[in-house]
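Shown next, in structure tokens, is the structure this report addresses.
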Amino acid sequence: MAARAVGAGLPLAVAAAVLLARFRFPGRSALNALVHLPLVLPPVVTGWLLLIIFGVQGPVGALLARVHIRLAFTEAGAALACAVMSFPVMVRSVRLALDAVDPRLEAAARSLGAGFPDRLLTITLPLAAPGVLMAAVLGYTTCLGEFGAVITFAANIPGQTQTLPLAIYTALEAPGGEAEAARLAICSIVLAVAGLTLSDIVAARLGRR
């Protein structure tokens, strides 16, 4: 679920970060606020808004229902909730990486006739690759820890929409479930540490190139 959320959200996060970091346009502040809104809203509110928009009675959910697609209370809906919650984290990480790219390199490429797509694909994104990788890792770990938006929009269905925090919560609610909750907590810690360690290793190798 976390991998699906990051896989779908990371390209959009990179596009949003490029748009906010490299362009000036009317409504840029509003777009920036909208992108980062899940960071400041309570996760339950974000899940509730997703339910209003993508529920079977919502404006988008009703359209999807016509083609027999339902997101609310499904595994795809849980992935969507995770993607929305991790999106501003990924955008912020990518944007910081883009801001760290030396603008003189892009200016030199521009003076040689390279268009924006060429500069983006051959200079900017390769130099920002460690930040993009870190964005993916942070997004993944955010998804692993997501609780409020998922339980509101996708519920807590074992084997379908249940995330690690929801599984831990369920275990703690059951009599004698402390041992199971501890095992799940250890599993989440191991996954988070492994992801951060791997990202540091890959980022260091990319940085030496």
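For the structure tokens, the naming scheme is as follows: chains receive sequential letters (A, B, ...) according to their order of presentation, residues are indexed from 1 within each chain, and ligands are indexed from 1 in presentation order.
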
Could you tell me, as a ChimeraX atom specification, which residues of segment 68-130 of chain A DSSP assigns to helix (DSSP H, G or I) when given the backbone?
/A:75-99,103-111,116-127,129-130

Could those selected residues go to a file with C-alpha atoms, as a compact mmCIF listing (two decimals), in the first residue's frame?
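Final file, selection_31.txt:
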```txt
# COMPACT_ATOMS: atom_id res chain seq x y z
CA GLU A 75 -7.43 -0.88 -0.57
CA ALA A 76 -7.08 1.65 -3.40
CA GLY A 77 -8.74 4.22 -1.15
CA ALA A 78 -6.26 3.49 1.63
CA ALA A 79 -3.42 4.02 -0.87
CA LEU A 80 -5.02 7.30 -1.96
CA ALA A 81 -5.27 8.50 1.63
CA CYS A 82 -1.61 7.61 2.22
CA ALA A 83 -0.61 9.36 -1.01
CA VAL A 84 -2.43 12.54 -0.02
CA MET A 85 -0.88 12.59 3.45
CA SER A 86 2.65 11.93 2.14
CA PHE A 87 2.37 14.31 -0.84
CA PRO A 88 3.38 17.57 0.92
CA VAL A 89 6.32 15.82 2.60
CA MET A 90 7.61 14.64 -0.78
CA VAL A 91 7.01 18.02 -2.43
CA ARG A 92 8.92 19.82 0.31
CA SER A 93 11.88 17.44 0.11
CA VAL A 94 12.11 17.68 -3.69
CA ARG A 95 11.76 21.45 -3.59
CA LEU A 96 14.63 21.78 -1.11
CA ALA A 97 16.76 19.65 -3.43
CA LEU A 98 15.84 21.82 -6.41
CA ASP A 99 16.67 25.00 -4.50
CA PRO A 103 21.37 28.21 -10.83
CA ARG A 104 24.52 29.08 -12.78
CA LEU A 105 24.54 25.59 -14.28
CA GLU A 106 21.02 26.05 -15.59
CA ALA A 107 21.88 29.54 -16.83
CA ALA A 108 24.91 28.18 -18.70
CA ALA A 109 22.77 25.49 -20.32
CA ARG A 110 20.19 28.10 -21.26
CA SER A 111 22.86 30.26 -22.89
CA PHE A 116 13.56 24.04 -20.08
CA PRO A 117 12.74 20.32 -20.58
CA ASP A 118 16.36 19.61 -21.55
CA ARG A 119 17.72 21.52 -18.56
CA LEU A 120 15.29 19.79 -16.24
CA LEU A 121 16.07 16.26 -17.43
CA THR A 122 19.82 16.57 -17.93
CA ILE A 123 20.89 19.00 -15.21
CA THR A 124 18.31 19.83 -12.56
CA LEU A 125 16.76 16.46 -11.76
CA PRO A 126 20.05 14.48 -11.88
CA LEU A 127 21.61 16.94 -9.42
CA ALA A 129 18.33 13.01 -7.37
CA PRO A 130 19.38 12.50 -3.71
```

Contacts of Val67 of chain A at 12 Å (only C-alpha atoms; same-chain gap of 6+ positions) as a VMD selection string
chain A and resid 56 60 to 61

Could you dump the residues just selected with N, CA and C atoms as a PDB file, in the first residue's frame?
```pdb
ATOM      1  N   VAL A  56     -19.081   7.605  -2.637  1.00  0.00           N
ATOM      2  CA  VAL A  56     -20.005   7.273  -3.732  1.00  0.00           C
ATOM      3  C   VAL A  56     -20.990   8.400  -4.006  1.00  0.00           C
ATOM      4  N   VAL A  60     -16.505  13.473  -7.349  1.00  0.00           N
ATOM      5  CA  VAL A  60     -15.601  12.598  -8.094  1.00  0.00           C
ATOM      6  C   VAL A  60     -16.006  11.132  -7.931  1.00  0.00           C
ATOM      7  N   GLY A  61     -16.363  10.761  -6.702  1.00  0.00           N
ATOM      8  CA  GLY A  61     -16.742   9.380  -6.454  1.00  0.00           C
ATOM      9  C   GLY A  61     -17.950   8.950  -7.260  1.00  0.00           C
TER      10      GLY A  61
END
```

So that I can check the surroundings of segment 181-186 of chain A, please list as a PyMOL selection string every protein, DNA and RNA residue that reaches within 6 Å of it, counting only C-alpha atoms and ignoring chain neighbours fewer than 3 positions away.
chain A and resi 168+171+178+189

Find the spatial neighbours of segment 154-156 of chain A, counting only C-alpha atoms, within a cut-off of 6 Å - ignore same-chain residues fewer than 3 positions away - and output them as a PyMOL selection string.
chain A and resi 72-74+77-78+150-151+161-162

Tell me which protein, DNA and RNA residues are within 10 Å of Gly7 of chain A, counting only C-alpha atoms, leaving out same-chain ones fewer than 3 positions away, and put them as a PyMOL selection string.
chain A and resi 1-4+10-12+83+136+139-140

File dump, residues just selected, N, CA and C atoms, as a compact mmCIF listing (two decimals), in the first residue's frame:
```txt
# COMPACT_ATOMS: atom_id res chain seq x y z
N MET A 1 0.82 -1.20 0.00
CA MET A 1 0.00 0.00 0.00
C MET A 1 0.86 1.26 0.00
N ALA A 2 1.88 1.28 0.86
CA ALA A 2 2.77 2.44 0.93
C ALA A 2 3.54 2.60 -0.38
N ALA A 3 3.98 1.46 -0.96
CA ALA A 3 4.71 1.52 -2.22
C ALA A 3 3.81 2.06 -3.33
N ARG A 4 2.55 1.63 -3.36
CA ARG A 4 1.62 2.12 -4.37
C ARG A 4 1.40 3.62 -4.20
N LEU A 10 4.85 10.25 -6.13
CA LEU A 10 6.17 10.88 -6.32
C LEU A 10 6.27 11.66 -7.64
N PRO A 11 5.86 11.11 -8.79
CA PRO A 11 5.94 11.91 -10.02
C PRO A 11 5.16 13.21 -9.93
N LEU A 12 3.98 13.16 -9.31
CA LEU A 12 3.18 14.38 -9.13
C LEU A 12 3.87 15.34 -8.17
N ALA A 83 -1.26 8.50 -0.02
CA ALA A 83 -0.61 9.36 -1.01
C ALA A 83 -0.87 10.83 -0.71
N ALA A 136 11.08 10.05 -1.63
CA ALA A 136 10.42 8.75 -1.72
C ALA A 136 10.47 8.02 -0.39
N GLY A 139 8.21 9.79 2.09
CA GLY A 139 6.83 9.49 1.74
C GLY A 139 6.44 8.08 2.17
N TYR A 140 7.35 7.14 1.97
CA TYR A 140 7.07 5.75 2.35
C TYR A 140 6.90 5.61 3.86
```

To one decimal place in Å, what is the distance between atom CA of Leu64 of chain A and atom CA of Val14 of chain A?
26.1 Å

Tell me, in Å to one decimal, how far atom CA of Pro165 of chain A is from atom CA of Thr142 of chain A.
11.1 Å

For Leu20 of chain A, which residue out of A:Val35, A:Cys187, A:Val6, A:Arg66 is the nearest one, using only C-alpha atoms?
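Nearest candidate to Leu20 of chain A out of A:Val35, A:Cys187, A:Val6, A:Arg66: A:Val35.
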
Spatial neighbours of Ser199 of chain A, 7 Å, only C-alpha atoms, chain gap at least 6 places, as a list in words
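The residues satisfying every condition are Leu133, Met134 and Val137 of chain A.
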
Length of the atom CA of Leu50 of chain A to atom CA of Arg70 of chain A vector [Å]:
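Result for atom CA of Leu50 of chain A versus atom CA of Arg70 of chain A: 12.5 Å, one decimal.
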